[in-house]
file model.cif (mmCIF, C-alpha atoms)
data_model
#
loop_
_atom_site.group_PDB
_atom_site.id
_atom_site.type_symbol
_atom_site.label_atom_id
_atom_site.label_comp_id
_atom_site.auth_asym_id
_atom_site.auth_seq_id
_atom_site.Cartn_x
_atom_site.Cartn_y
_atom_site.Cartn_z
ATOM 1 C CA MET A 1 -14.302 -18.766 14.628
ATOM 2 C CA GLY A 2 -13.722 -16.850 17.862
ATOM 3 C CA LEU A 3 -10.557 -16.188 19.813
ATOM 4 C CA THR A 4 -7.310 -18.050 19.214
ATOM 5 C CA ILE A 5 -3.894 -18.019 20.846
ATOM 6 C CA GLY A 6 -0.677 -17.380 18.945
ATOM 7 C CA VAL A 7 2.652 -18.585 20.324
ATOM 8 C CA ASP A 8 6.023 -17.089 19.410
ATOM 9 C CA ILE A 9 9.069 -19.141 20.456
ATOM 10 C CA GLY A 10 12.010 -16.802 20.994
ATOM 11 C CA GLY A 11 15.565 -17.440 22.057
ATOM 12 C CA THR A 12 15.023 -16.023 25.544
ATOM 13 C CA LYS A 13 11.241 -16.060 25.999
ATOM 14 C CA ILE A 14 8.099 -17.771 24.756
ATOM 15 C CA ALA A 15 5.151 -15.415 24.264
ATOM 16 C CA ALA A 16 1.515 -16.457 23.954
ATOM 17 C CA GLY A 17 -1.247 -14.012 23.101
ATOM 18 C CA VAL A 18 -5.023 -14.135 22.719
ATOM 19 C CA VAL A 19 -5.916 -12.669 19.318
ATOM 20 C CA ASP A 20 -9.336 -11.777 17.943
ATOM 21 C CA GLU A 21 -10.482 -12.047 14.323
ATOM 22 C CA GLU A 22 -9.366 -8.472 13.581
ATOM 23 C CA GLY A 23 -5.801 -9.201 14.668
ATOM 24 C CA ASN A 24 -6.033 -7.421 18.021
ATOM 25 C CA ILE A 25 -4.018 -8.877 20.902
ATOM 26 C CA LEU A 26 -6.271 -9.041 23.955
ATOM 27 C CA SER A 27 -3.872 -10.540 26.483
ATOM 28 C CA THR A 28 -0.382 -12.001 26.613
ATOM 29 C CA HIS A 29 1.662 -14.252 28.838
ATOM 30 C CA LYS A 30 5.415 -14.777 28.615
ATOM 31 C CA VAL A 31 7.698 -17.405 30.123
ATOM 32 C CA PRO A 32 11.470 -17.926 29.852
ATOM 33 C CA THR A 33 12.664 -20.241 27.094
ATOM 34 C CA PRO A 34 14.090 -23.410 28.681
ATOM 35 C CA GLY A 35 17.251 -25.044 27.479
ATOM 36 C CA THR A 36 15.821 -28.466 26.601
ATOM 37 C CA PRO A 37 13.332 -29.550 23.906
ATOM 38 C CA GLU A 38 11.091 -31.167 26.505
ATOM 39 C CA GLY A 39 11.197 -28.056 28.642
ATOM 40 C CA ILE A 40 10.170 -25.900 25.687
ATOM 41 C CA VAL A 41 7.029 -27.991 25.115
ATOM 42 C CA ASP A 42 6.105 -27.580 28.780
ATOM 43 C CA ALA A 43 6.821 -23.833 28.578
ATOM 44 C CA ILE A 44 4.578 -23.456 25.520
ATOM 45 C CA ALA A 45 1.750 -25.096 27.454
ATOM 46 C CA SER A 46 2.410 -22.837 30.447
ATOM 47 C CA ALA A 47 2.344 -19.704 28.278
ATOM 48 C CA VAL A 48 -0.904 -20.808 26.618
ATOM 49 C CA GLU A 49 -2.550 -21.486 29.971
ATOM 50 C CA GLY A 50 -1.449 -18.101 31.272
ATOM 51 C CA ALA A 51 -2.794 -16.245 28.248
ATOM 52 C CA ARG A 52 -6.138 -18.073 28.017
ATOM 53 C CA ALA A 53 -7.285 -17.210 31.544
ATOM 54 C CA GLY A 54 -10.714 -15.559 31.306
ATOM 55 C CA HIS A 55 -11.091 -16.201 27.564
ATOM 56 C CA GLU A 56 -12.978 -18.798 25.536
ATOM 57 C CA ILE A 57 -10.334 -20.134 23.135
ATOM 58 C CA VAL A 58 -11.008 -22.242 20.033
ATOM 59 C CA GLY A 59 -7.457 -23.057 18.930
ATOM 60 C CA VAL A 60 -3.723 -22.429 19.203
ATOM 61 C CA GLY A 61 -1.185 -21.556 16.500
ATOM 62 C CA ILE A 62 2.541 -22.005 17.188
ATOM 63 C CA GLY A 63 5.264 -20.270 15.187
ATOM 64 C CA ALA A 64 8.384 -22.450 15.216
ATOM 65 C CA ALA A 65 11.726 -21.628 13.644
ATOM 66 C CA GLY A 66 12.384 -24.657 11.493
ATOM 67 C CA TYR A 67 11.012 -26.936 8.810
ATOM 68 C CA VAL A 68 7.367 -27.781 9.518
ATOM 69 C CA ASN A 69 5.453 -30.441 7.606
ATOM 70 C CA ARG A 70 2.532 -29.571 5.353
ATOM 71 C CA GLN A 71 0.069 -31.083 7.825
ATOM 72 C CA ARG A 72 1.120 -28.351 10.298
ATOM 73 C CA SER A 73 1.875 -30.906 12.995
ATOM 74 C CA THR A 74 5.535 -31.949 13.028
ATOM 75 C CA VAL A 75 8.788 -30.006 13.084
ATOM 76 C CA TYR A 76 11.079 -31.876 10.711
ATOM 77 C CA PHE A 77 14.145 -29.953 11.826
ATOM 78 C CA ALA A 78 14.824 -26.887 13.967
ATOM 79 C CA PRO A 79 18.258 -25.259 13.740
ATOM 80 C CA ASN A 80 18.290 -23.744 17.234
ATOM 81 C CA ILE A 81 16.348 -26.421 19.163
ATOM 82 C CA ASP A 82 17.188 -30.107 19.162
ATOM 83 C CA TRP A 83 13.915 -31.001 17.436
ATOM 84 C CA ARG A 84 14.085 -33.739 14.803
ATOM 85 C CA GLN A 85 10.726 -35.113 13.599
ATOM 86 C CA GLU A 86 9.172 -33.490 16.674
ATOM 87 C CA PRO A 87 5.387 -34.164 16.953
ATOM 88 C CA LEU A 88 4.791 -30.707 18.423
ATOM 89 C CA LYS A 89 1.069 -30.509 17.643
ATOM 90 C CA GLU A 90 0.340 -33.781 19.419
ATOM 91 C CA GLU A 91 2.493 -32.920 22.428
ATOM 92 C CA VAL A 92 1.010 -29.465 23.024
ATOM 93 C CA GLU A 93 -2.570 -30.626 22.409
ATOM 94 C CA ALA A 94 -2.128 -33.264 25.108
ATOM 95 C CA ARG A 95 -1.131 -30.566 27.569
ATOM 96 C CA VAL A 96 -3.624 -27.788 26.788
ATOM 97 C CA GLY A 97 -6.688 -29.675 25.523
ATOM 98 C CA LEU A 98 -7.140 -27.393 22.506
ATOM 99 C CA PRO A 99 -6.687 -27.879 18.737
ATOM 100 C CA VAL A 100 -3.136 -26.875 17.769
ATOM 101 C CA VAL A 101 -1.488 -26.053 14.456
ATOM 102 C CA VAL A 102 2.244 -25.544 13.968
ATOM 103 C CA GLU A 103 3.596 -23.075 11.424
ATOM 104 C CA ASN A 104 7.048 -21.962 10.391
ATOM 105 C CA ASP A 105 7.661 -18.713 12.274
ATOM 106 C CA ALA A 106 8.527 -16.683 9.159
ATOM 107 C CA ASN A 107 5.372 -17.974 7.439
ATOM 108 C CA ALA A 108 3.360 -16.915 10.475
ATOM 109 C CA ALA A 109 4.894 -13.435 10.449
ATOM 110 C CA ALA A 110 4.272 -13.124 6.713
ATOM 111 C CA TRP A 111 0.624 -14.066 7.169
ATOM 112 C CA GLY A 112 0.235 -11.582 10.010
ATOM 113 C CA GLU A 113 1.596 -8.758 7.855
ATOM 114 C CA TYR A 114 -0.488 -9.801 4.844
ATOM 115 C CA LYS A 115 -3.721 -10.042 6.801
ATOM 116 C CA PHE A 116 -3.415 -7.214 9.320
ATOM 117 C CA GLY A 117 -0.327 -5.152 8.489
ATOM 118 C CA ALA A 118 1.546 -3.798 5.489
ATOM 119 C CA GLY A 119 0.048 -6.361 3.088
ATOM 120 C CA LYS A 120 -3.596 -5.387 3.531
ATOM 121 C CA GLY A 121 -5.171 -4.868 0.117
ATOM 122 C CA HIS A 122 -2.670 -7.101 -1.707
ATOM 123 C CA ARG A 123 -3.404 -10.562 -3.115
ATOM 124 C CA ASN A 124 0.179 -11.494 -4.001
ATOM 125 C CA VAL A 125 2.991 -10.543 -1.651
ATOM 126 C CA ILE A 126 6.397 -11.884 -0.733
ATOM 127 C CA CYS A 127 7.659 -11.213 2.778
ATOM 128 C CA ILE A 128 11.265 -11.355 3.879
ATOM 129 C CA THR A 129 12.502 -11.013 7.427
ATOM 130 C CA LEU A 130 15.915 -9.417 7.833
ATOM 131 C CA GLY A 131 17.053 -10.286 11.332
ATOM 132 C CA THR A 132 19.919 -12.339 12.676
ATOM 133 C CA GLY A 133 19.227 -14.553 9.661
ATOM 134 C CA LEU A 134 16.901 -14.216 6.667
ATOM 135 C CA GLY A 135 13.474 -15.835 6.378
ATOM 136 C CA GLY A 136 10.298 -15.263 4.440
ATOM 137 C CA GLY A 137 6.837 -16.227 3.347
ATOM 138 C CA ILE A 138 4.850 -16.486 0.113
ATOM 139 C CA ILE A 139 1.230 -15.357 -0.256
ATOM 140 C CA ILE A 140 -0.165 -15.919 -3.748
ATOM 141 C CA GLY A 141 -3.849 -15.563 -4.533
ATOM 142 C CA ASN A 142 -4.594 -14.737 -0.882
ATOM 143 C CA LYS A 143 -3.191 -18.087 0.248
ATOM 144 C CA LEU A 144 -0.059 -18.953 2.186
ATOM 145 C CA ARG A 145 2.023 -21.200 -0.057
ATOM 146 C CA ARG A 146 3.904 -23.814 1.940
ATOM 147 C CA GLY A 147 4.978 -26.102 -0.899
ATOM 148 C CA HIS A 148 4.303 -29.811 -1.317
ATOM 149 C CA PHE A 149 6.243 -30.851 1.797
ATOM 150 C CA GLY A 150 5.517 -27.677 3.774
ATOM 151 C CA VAL A 151 9.011 -26.191 3.695
ATOM 152 C CA ALA A 152 8.806 -23.556 0.947
ATOM 153 C CA ALA A 153 10.106 -19.983 1.307
ATOM 154 C CA GLU A 154 13.393 -20.824 3.050
ATOM 155 C CA PHE A 155 14.772 -17.826 1.203
ATOM 156 C CA GLY A 156 17.787 -17.414 3.449
ATOM 157 C CA HIS A 157 19.266 -20.614 2.077
ATOM 158 C CA ILE A 158 19.062 -19.796 -1.603
ATOM 159 C CA ARG A 159 22.649 -20.025 -2.831
ATOM 160 C CA MET A 160 23.653 -16.564 -3.985
ATOM 161 C CA VAL A 161 27.394 -17.178 -4.284
ATOM 162 C CA PRO A 162 28.729 -20.558 -5.490
ATOM 163 C CA ASP A 163 31.388 -21.744 -3.025
ATOM 164 C CA GLY A 164 30.746 -18.616 -0.966
ATOM 165 C CA LEU A 165 30.711 -18.089 2.774
ATOM 166 C CA LEU A 166 29.936 -21.117 4.939
ATOM 167 C CA CYS A 167 26.415 -21.030 6.341
ATOM 168 C CA GLY A 168 25.142 -22.547 9.577
ATOM 169 C CA CYS A 169 22.948 -24.849 7.480
ATOM 170 C CA GLY A 170 26.102 -26.544 6.154
ATOM 171 C CA SER A 171 25.945 -25.067 2.647
ATOM 172 C CA GLN A 172 28.014 -22.239 1.201
ATOM 173 C CA GLY A 173 27.023 -18.877 -0.231
ATOM 174 C CA CYS A 174 23.496 -18.716 1.238
ATOM 175 C CA TRP A 175 21.635 -15.435 0.859
ATOM 176 C CA GLU A 176 21.473 -14.831 4.617
ATOM 177 C CA GLN A 177 25.261 -14.788 4.778
ATOM 178 C CA TYR A 178 25.128 -11.590 2.721
ATOM 179 C CA ALA A 179 21.822 -9.974 3.770
ATOM 180 C CA SER A 180 21.196 -10.294 7.514
ATOM 181 C CA GLY A 181 22.124 -8.776 10.830
ATOM 182 C CA ARG A 182 25.160 -11.029 11.066
ATOM 183 C CA ALA A 183 26.277 -9.932 7.608
ATOM 184 C CA LEU A 184 25.870 -6.254 8.535
ATOM 185 C CA VAL A 185 28.123 -6.627 11.570
ATOM 186 C CA ARG A 186 30.707 -8.487 9.486
ATOM 187 C CA TYR A 187 30.730 -5.731 6.857
ATOM 188 C CA ALA A 188 31.191 -3.047 9.504
ATOM 189 C CA LYS A 189 34.026 -4.873 11.251
ATOM 190 C CA GLN A 190 35.854 -5.493 7.979
ATOM 191 C CA ARG A 191 35.546 -1.886 6.858
ATOM 192 C CA ALA A 192 36.444 -0.430 10.243
ATOM 193 C CA ASN A 193 39.532 -2.615 10.336
ATOM 194 C CA ALA A 194 40.577 -1.538 6.823
ATOM 195 C CA THR A 195 39.834 2.196 7.198
ATOM 196 C CA PRO A 196 39.494 3.111 10.896
ATOM 197 C CA GLU A 197 39.768 6.802 9.995
ATOM 198 C CA HIS A 198 36.357 6.514 8.316
ATOM 199 C CA ALA A 199 34.794 4.790 11.328
ATOM 200 C CA GLU A 200 35.511 7.216 14.142
ATOM 201 C CA ILE A 201 31.880 7.542 15.253
ATOM 202 C CA LEU A 202 31.248 3.822 14.934
ATOM 203 C CA LEU A 203 34.363 2.800 16.873
ATOM 204 C CA GLY A 204 33.611 5.396 19.547
ATOM 205 C CA LEU A 205 30.257 3.766 20.274
ATOM 206 C CA GLY A 206 31.895 0.451 21.126
ATOM 207 C CA ASP A 207 35.174 -0.359 22.840
ATOM 208 C CA GLY A 208 37.275 1.385 20.212
ATOM 209 C CA THR A 209 38.130 -1.770 18.266
ATOM 210 C CA PRO A 210 36.502 -3.328 15.195
ATOM 211 C CA GLU A 211 35.952 -6.516 17.198
ATOM 212 C CA GLY A 212 33.762 -4.581 19.653
ATOM 213 C CA ILE A 213 31.268 -3.389 17.024
ATOM 214 C CA GLU A 214 27.673 -4.532 17.569
ATOM 215 C CA GLY A 215 24.562 -4.115 15.452
ATOM 216 C CA LYS A 216 23.163 -1.319 17.617
ATOM 217 C CA HIS A 217 26.383 0.648 17.153
ATOM 218 C CA ILE A 218 26.086 0.469 13.358
ATOM 219 C CA SER A 219 22.550 1.831 13.417
ATOM 220 C CA MET A 220 23.455 4.702 15.728
ATOM 221 C CA ALA A 221 26.593 5.564 13.772
ATOM 222 C CA ALA A 222 24.824 5.445 10.398
ATOM 223 C CA ARG A 223 22.254 7.950 11.628
ATOM 224 C CA GLN A 224 25.129 10.246 12.515
ATOM 225 C CA GLY A 225 26.644 9.883 9.048
ATOM 226 C CA ASP A 226 29.551 7.582 9.879
ATOM 227 C CA PRO A 227 30.944 6.569 6.437
ATOM 228 C CA VAL A 228 31.732 2.958 7.360
ATOM 229 C CA ALA A 229 28.321 2.403 8.991
ATOM 230 C CA VAL A 230 26.480 3.915 6.033
ATOM 231 C CA ASP A 231 28.516 1.883 3.554
ATOM 232 C CA SER A 232 27.842 -1.306 5.527
ATOM 233 C CA TYR A 233 24.095 -0.737 5.200
ATOM 234 C CA ARG A 234 24.532 -0.126 1.480
ATOM 235 C CA GLU A 235 26.369 -3.427 1.083
ATOM 236 C CA LEU A 236 23.639 -5.283 2.937
ATOM 237 C CA ALA A 237 21.009 -3.538 0.798
ATOM 238 C CA ARG A 238 22.859 -4.413 -2.406
ATOM 239 C CA TRP A 239 22.541 -8.111 -1.627
ATOM 240 C CA ALA A 240 19.008 -7.838 -0.284
ATOM 241 C CA GLY A 241 17.789 -5.989 -3.367
ATOM 242 C CA ALA A 242 19.499 -8.404 -5.748
ATOM 243 C CA GLY A 243 17.719 -11.280 -4.025
ATOM 244 C CA LEU A 244 14.352 -9.545 -4.308
ATOM 245 C CA ALA A 245 14.940 -9.148 -8.044
ATOM 246 C CA ASP A 246 15.402 -12.923 -8.309
ATOM 247 C CA LEU A 247 12.222 -13.522 -6.285
ATOM 248 C CA ALA A 248 10.343 -11.137 -8.590
ATOM 249 C CA SER A 249 11.306 -13.333 -11.538
ATOM 250 C CA LEU A 250 9.828 -16.326 -9.703
ATOM 251 C CA PHE A 251 6.661 -14.897 -8.132
ATOM 252 C CA ASP A 252 5.903 -11.476 -9.692
ATOM 253 C CA PRO A 253 4.275 -10.077 -6.513
ATOM 254 C CA SER A 254 2.614 -6.686 -6.207
ATOM 255 C CA ALA A 255 4.676 -5.946 -3.093
ATOM 256 C CA PHE A 256 7.639 -7.089 -1.074
ATOM 257 C CA ILE A 257 7.214 -6.628 2.670
ATOM 258 C CA VAL A 258 10.472 -6.281 4.563
ATOM 259 C CA GLY A 259 10.291 -7.203 8.242
ATOM 260 C CA GLY A 260 12.672 -8.349 10.942
ATOM 261 C CA GLY A 261 14.851 -6.242 13.193
ATOM 262 C CA LEU A 262 16.674 -4.483 10.366
ATOM 263 C CA SER A 263 13.403 -3.132 8.974
ATOM 264 C CA ASP A 264 13.122 -1.028 12.141
ATOM 265 C CA GLU A 265 15.765 1.222 10.576
ATOM 266 C CA GLY A 266 13.182 2.422 8.044
ATOM 267 C CA GLU A 267 14.447 4.270 4.997
ATOM 268 C CA LEU A 268 18.047 3.873 6.114
ATOM 269 C CA VAL A 269 17.809 0.305 4.836
ATOM 270 C CA LEU A 270 14.682 0.356 2.639
ATOM 271 C CA ASP A 271 15.742 3.100 0.242
ATOM 272 C CA PRO A 272 19.006 1.396 -0.816
ATOM 273 C CA ILE A 273 17.189 -1.961 -1.018
ATOM 274 C CA ARG A 274 14.703 -0.430 -3.476
ATOM 275 C CA LYS A 275 17.527 0.992 -5.570
ATOM 276 C CA SER A 276 19.362 -2.329 -5.674
ATOM 277 C CA TYR A 277 16.146 -4.194 -6.483
ATOM 278 C CA LYS A 278 15.427 -1.937 -9.453
ATOM 279 C CA ARG A 279 19.059 -2.148 -10.557
ATOM 280 C CA TRP A 280 18.961 -5.962 -10.769
ATOM 281 C CA LEU A 281 15.358 -6.469 -11.879
ATOM 282 C CA VAL A 282 15.367 -7.984 -15.355
ATOM 283 C CA GLY A 283 13.606 -5.605 -17.752
ATOM 284 C CA GLY A 284 13.178 -3.151 -14.901
ATOM 285 C CA ASN A 285 12.907 -0.135 -17.198
ATOM 286 C CA TRP A 286 10.021 -1.651 -19.124
ATOM 287 C CA ARG A 287 7.913 -3.577 -16.629
ATOM 288 C CA PRO A 288 5.811 -2.803 -13.542
ATOM 289 C CA VAL A 289 7.898 -2.755 -10.381
ATOM 290 C CA ALA A 290 6.607 -4.180 -7.104
ATOM 291 C CA ASP A 291 6.511 -1.937 -4.059
ATOM 292 C CA VAL A 292 9.122 -2.552 -1.370
ATOM 293 C CA ILE A 293 7.507 -1.600 1.917
ATOM 294 C CA ALA A 294 8.254 -1.902 5.616
ATOM 295 C CA ALA A 295 6.418 -4.358 7.828
ATOM 296 C CA GLN A 296 4.032 -2.752 10.306
ATOM 297 C CA LEU A 297 3.420 -5.258 13.099
ATOM 298 C CA GLY A 298 6.956 -5.464 14.453
ATOM 299 C CA ASN A 299 7.601 -8.246 16.953
ATOM 300 C CA ASP A 300 3.884 -9.075 17.107
ATOM 301 C CA ALA A 301 3.671 -10.271 13.492
ATOM 302 C CA GLY A 302 4.528 -13.898 14.199
ATOM 303 C CA LEU A 303 2.216 -14.200 17.189
ATOM 304 C CA VAL A 304 -0.715 -12.557 15.395
ATOM 305 C CA GLY A 305 -0.120 -14.561 12.225
ATOM 306 C CA ALA A 306 0.144 -17.883 14.045
ATOM 307 C CA ALA A 307 -3.095 -17.165 15.927
ATOM 308 C CA ASP A 308 -4.944 -16.331 12.731
ATOM 309 C CA LEU A 309 -3.586 -19.356 10.879
ATOM 310 C CA ALA A 310 -5.091 -21.516 13.613
ATOM 311 C CA ARG A 311 -8.446 -20.465 12.093
ATOM 312 C CA GLU A 312 -7.428 -21.421 8.560
ATOM 313 C CA PRO A 313 -8.680 -24.710 7.071
ATOM 314 C CA ASP A 314 -6.285 -27.644 6.868
ATOM 315 C CA PRO A 315 -4.165 -26.898 3.744
ATOM 316 C CA ILE A 316 -4.150 -30.611 2.850
ATOM 317 C CA MET A 317 -7.911 -30.651 2.320
#
call {"tool": "encode", "arguments": {"input": "model.cif", "output": "structure tokens"}}
result
Amino acid sequence: MGLTIGVDIGGTKIAAGVVDEEGNILSTHKVPTPGTPEGIVDAIASAVEGARAGHEIVGVGIGAAGYVNRQRSTVYFAPNIDWRQEPLKEEVEARVGLPVVVENDANAAAWGEYKFGAGKGHRNVICITLGTGLGGGIIIGNKLRRGHFGVAAEFGHIRMVPDGLLCGCGSQGCWEQYASGRALVRYAKQRANATPEHAEILLGLGDGTPEGIEGKHISMAARQGDPVAVDSYRELARWAGAGLADLASLFDPSAFIVGGGLSDEGELVLDPIRKSYKRWLVGGNWRPVADVIAAQLGNDAGLVGAADLAREPDPIM
């Protein structure tokens, strides 16, 4: 199929990269993320044009945070951009003169990991991204499963706690309120406020108050053995592992791939997630247990996955 371009829409920048059929990024171009929906469409086109210079491109894949229809053309709803029924495929195609497909960004990252990263060799994998929120993707039988309307695998909004914490989606008790970067910071602040004597390292990395704790401080403090930081990671892992056990009952994958910013902490977060997963897995002592492994592509997963999905046949056909 030749070279394609993957586009990753971030909060501060939009990155476009030329990707070959082996998942190698040959060139990239980045532009700032504008503050308006119309500006973002123009910026996507600008990033694509910058990346394609000197390359023969056959298509473009865009990873968008939001609900994308099954036809891979329209963003039904985006939580962080004022896109409602946004015909993104049509708009970008008109600007760049290339075939465009639109994918949910977590689906794109999952596909990138499955095809070129930690999922190589697996036919059935579930990916979760632990970042500011919680996303994911489903690959069953070597195919990305989007669901009938295209909006499957919104794992972060599975209700884990009836009448639990209010989520930005408007519901209560969503999984990402208990297993995400935001949740980790909340746990650390609560614990540091309750037992500051157990958070001396953690508090010393910030401004000395629980309110000043940031995610980077928790990581640094945990690696130095700070009890509150370590316990905060354990709490996050308890919820993450319990959710994986539920997903295992639904999909029975051979592996769970854990990506997102929190996966950069390696075994600090993965080891307690594995323990929690096995603890809550129904029949765990008597059944095969899926591997829980770290993603390998880092921030490039979404870009690489979106580019490769631009080569995939229309899932409606």
call {"tool": "residues_around", "arguments": {"input": "model.cif", "residues": "region 226-236 of chain A", "least_positions_apart": "4", "cutoff": "6 Å", "atoms": "all atoms listed in the file", "output": "PyMOL selection string"}}
result
chain A and resi 179+187-188+198-199+201+218+221-222
call {"tool": "residues_around", "arguments": {"input": "model.cif", "residues": "Ser171 (chain A)", "least_positions_apart": "3", "cutoff": "10 Å", "atoms": "all atoms listed in the file", "output": "PyMOL selection string"}}
result
chain A and resi 157-159+162-168+174
call {"tool": "residues_around", "arguments": {"input": "model.cif", "residues": "region 19-34 of chain A", "least_positions_apart": "6", "cutoff": "12 Å", "atoms": "only C-alpha atoms", "output": "MDAnalysis selection string"}}
result
chainID A and resid 1:13 40:61 80:81 111:117 120 297 300:312
call {"tool": "atom_distance", "arguments": {"input": "model.cif", "atom1": "CA of Ile138 (chain A)", "atom2": "CA of Asp291 (chain A)"}}
result
15.2 Å
call {"tool": "residues_around", "arguments": {"input": "model.cif", "residues": "region 249-260 of chain A", "least_positions_apart": "6", "cutoff": "6 Å", "atoms": "all atoms listed in the file", "output": "list in words"}}
result
Asn124, Val125, Ile126, Cys127, Ile128, Thr129, Leu130, Gly131, Ala290, Asp291, Val292, Ile293, Ala294 and Ala295 of chain A
call {"tool": "atom_distance", "arguments": {"input": "model.cif", "atom1": "CA of Val102 (chain A)", "atom2": "CA of Gly119 (chain A)"}}
result
22.2 Å
call {"tool": "closest_residue", "arguments": {"input": "model.cif", "among": "A:Gly150, A:Gly225, A:Gly135, A:Gly141", "to": "Arg72 (chain A)", "atoms": "all atoms listed in the file"}}
result
A:Gly150
call {"tool": "axis_aligned_box", "arguments": {"input": "model.cif", "around": "region 283-293 of chain A", "padding_each_side": "4 Å", "output": "AutoDock Vina command-line options"}}
result
--center_x 9.7 --center_y -2.9 --center_z -8.6 --size_x 15.8 --size_y 13.5 --size_z 29.0
call {"tool": "resolve_selection", "arguments": {"input": "model.cif", "expression": "the PyMOL selection byres ((chain A and resi 275-284) around 7)", "output": "list in words"}}
result
Ala237, Arg238, Gly241, Ala242, Leu244, Ala245, Asp271, Pro272, Ile273, Arg274, Asn285, Trp286, Arg287 and Val289 of chain A
call {"tool": "write_last_selection", "arguments": {"input": "model.cif", "atoms": "C-alpha atoms", "output": "PDB file, in the coordinates of the input"}}
result
ATOM      1  CA  ALA A 237      21.009  -3.538   0.798  1.00  0.00           C
ATOM      2  CA  ARG A 238      22.859  -4.413  -2.406  1.00  0.00           C
ATOM      3  CA  GLY A 241      17.789  -5.989  -3.367  1.00  0.00           C
ATOM      4  CA  ALA A 242      19.499  -8.404  -5.748  1.00  0.00           C
ATOM      5  CA  LEU A 244      14.352  -9.545  -4.308  1.00  0.00           C
ATOM      6  CA  ALA A 245      14.940  -9.148  -8.044  1.00  0.00           C
ATOM      7  CA  ASP A 271      15.742   3.100   0.242  1.00  0.00           C
ATOM      8  CA  PRO A 272      19.006   1.396  -0.816  1.00  0.00           C
ATOM      9  CA  ILE A 273      17.189  -1.961  -1.018  1.00  0.00           C
ATOM     10  CA  ARG A 274      14.703  -0.430  -3.476  1.00  0.00           C
ATOM     11  CA  ASN A 285      12.907  -0.135 -17.198  1.00  0.00           C
ATOM     12  CA  TRP A 286      10.021  -1.651 -19.124  1.00  0.00           C
ATOM     13  CA  ARG A 287       7.913  -3.577 -16.629  1.00  0.00           C
ATOM     14  CA  VAL A 289       7.898  -2.755 -10.381  1.00  0.00           C
TER      15      VAL A 289
END
call {"tool": "resolve_selection", "arguments": {"input": "model.cif", "expression": "the PyMOL selection byres ((chain A and resi 193) around 12)", "output": "PyMOL selection string"}}
result
chain A and resi 186-192+194-200+202-203+208-213+228
call {"tool": "closest_residue", "arguments": {"input": "model.cif", "among": "A:Gln71, A:Thr36, A:Ser219, A:His148", "to": "Glu267 (chain A)", "atoms": "only C-alpha atoms"}}
result
A:Ser219
call {"tool": "resolve_selection", "arguments": {"input": "model.cif", "expression": "the PyMOL selection byres ((chain A and resi 154) around 9)", "output": "mmCIF file with C-alpha atoms, in the frame of the given file"}}
result
data_model
loop_
_atom_site.group_PDB
_atom_site.id
_atom_site.type_symbol
_atom_site.label_atom_id
_atom_site.label_comp_id
_atom_site.auth_asym_id
_atom_site.auth_seq_id
_atom_site.Cartn_x
_atom_site.Cartn_y
_atom_site.Cartn_z
ATOM 1 C CA TYR A 67 11.012 -26.936 8.810
ATOM 2 C CA ALA A 106 8.527 -16.683 9.159
ATOM 3 C CA LEU A 134 16.901 -14.216 6.667
ATOM 4 C CA GLY A 135 13.474 -15.835 6.378
ATOM 5 C CA GLY A 136 10.298 -15.263 4.440
ATOM 6 C CA GLY A 137 6.837 -16.227 3.347
ATOM 7 C CA VAL A 151 9.011 -26.191 3.695
ATOM 8 C CA ALA A 152 8.806 -23.556 0.947
ATOM 9 C CA ALA A 153 10.106 -19.983 1.307
ATOM 10 C CA PHE A 155 14.772 -17.826 1.203
ATOM 11 C CA GLY A 156 17.787 -17.414 3.449
ATOM 12 C CA HIS A 157 19.266 -20.614 2.077
ATOM 13 C CA ILE A 158 19.062 -19.796 -1.603
#
call {"tool": "residues_around", "arguments": {"input": "model.cif", "residues": "region 84-93 of chain A", "least_positions_apart": "4", "cutoff": "6 Å", "atoms": "all atoms listed in the file", "output": "ChimeraX atom specification"}}
result
/A:73-77,97-98,100
call {"tool": "atom_distance", "arguments": {"input": "model.cif", "atom1": "CA of Glu265 (chain A)", "atom2": "CA of Lys216 (chain A)"}}
result
10.5 Å
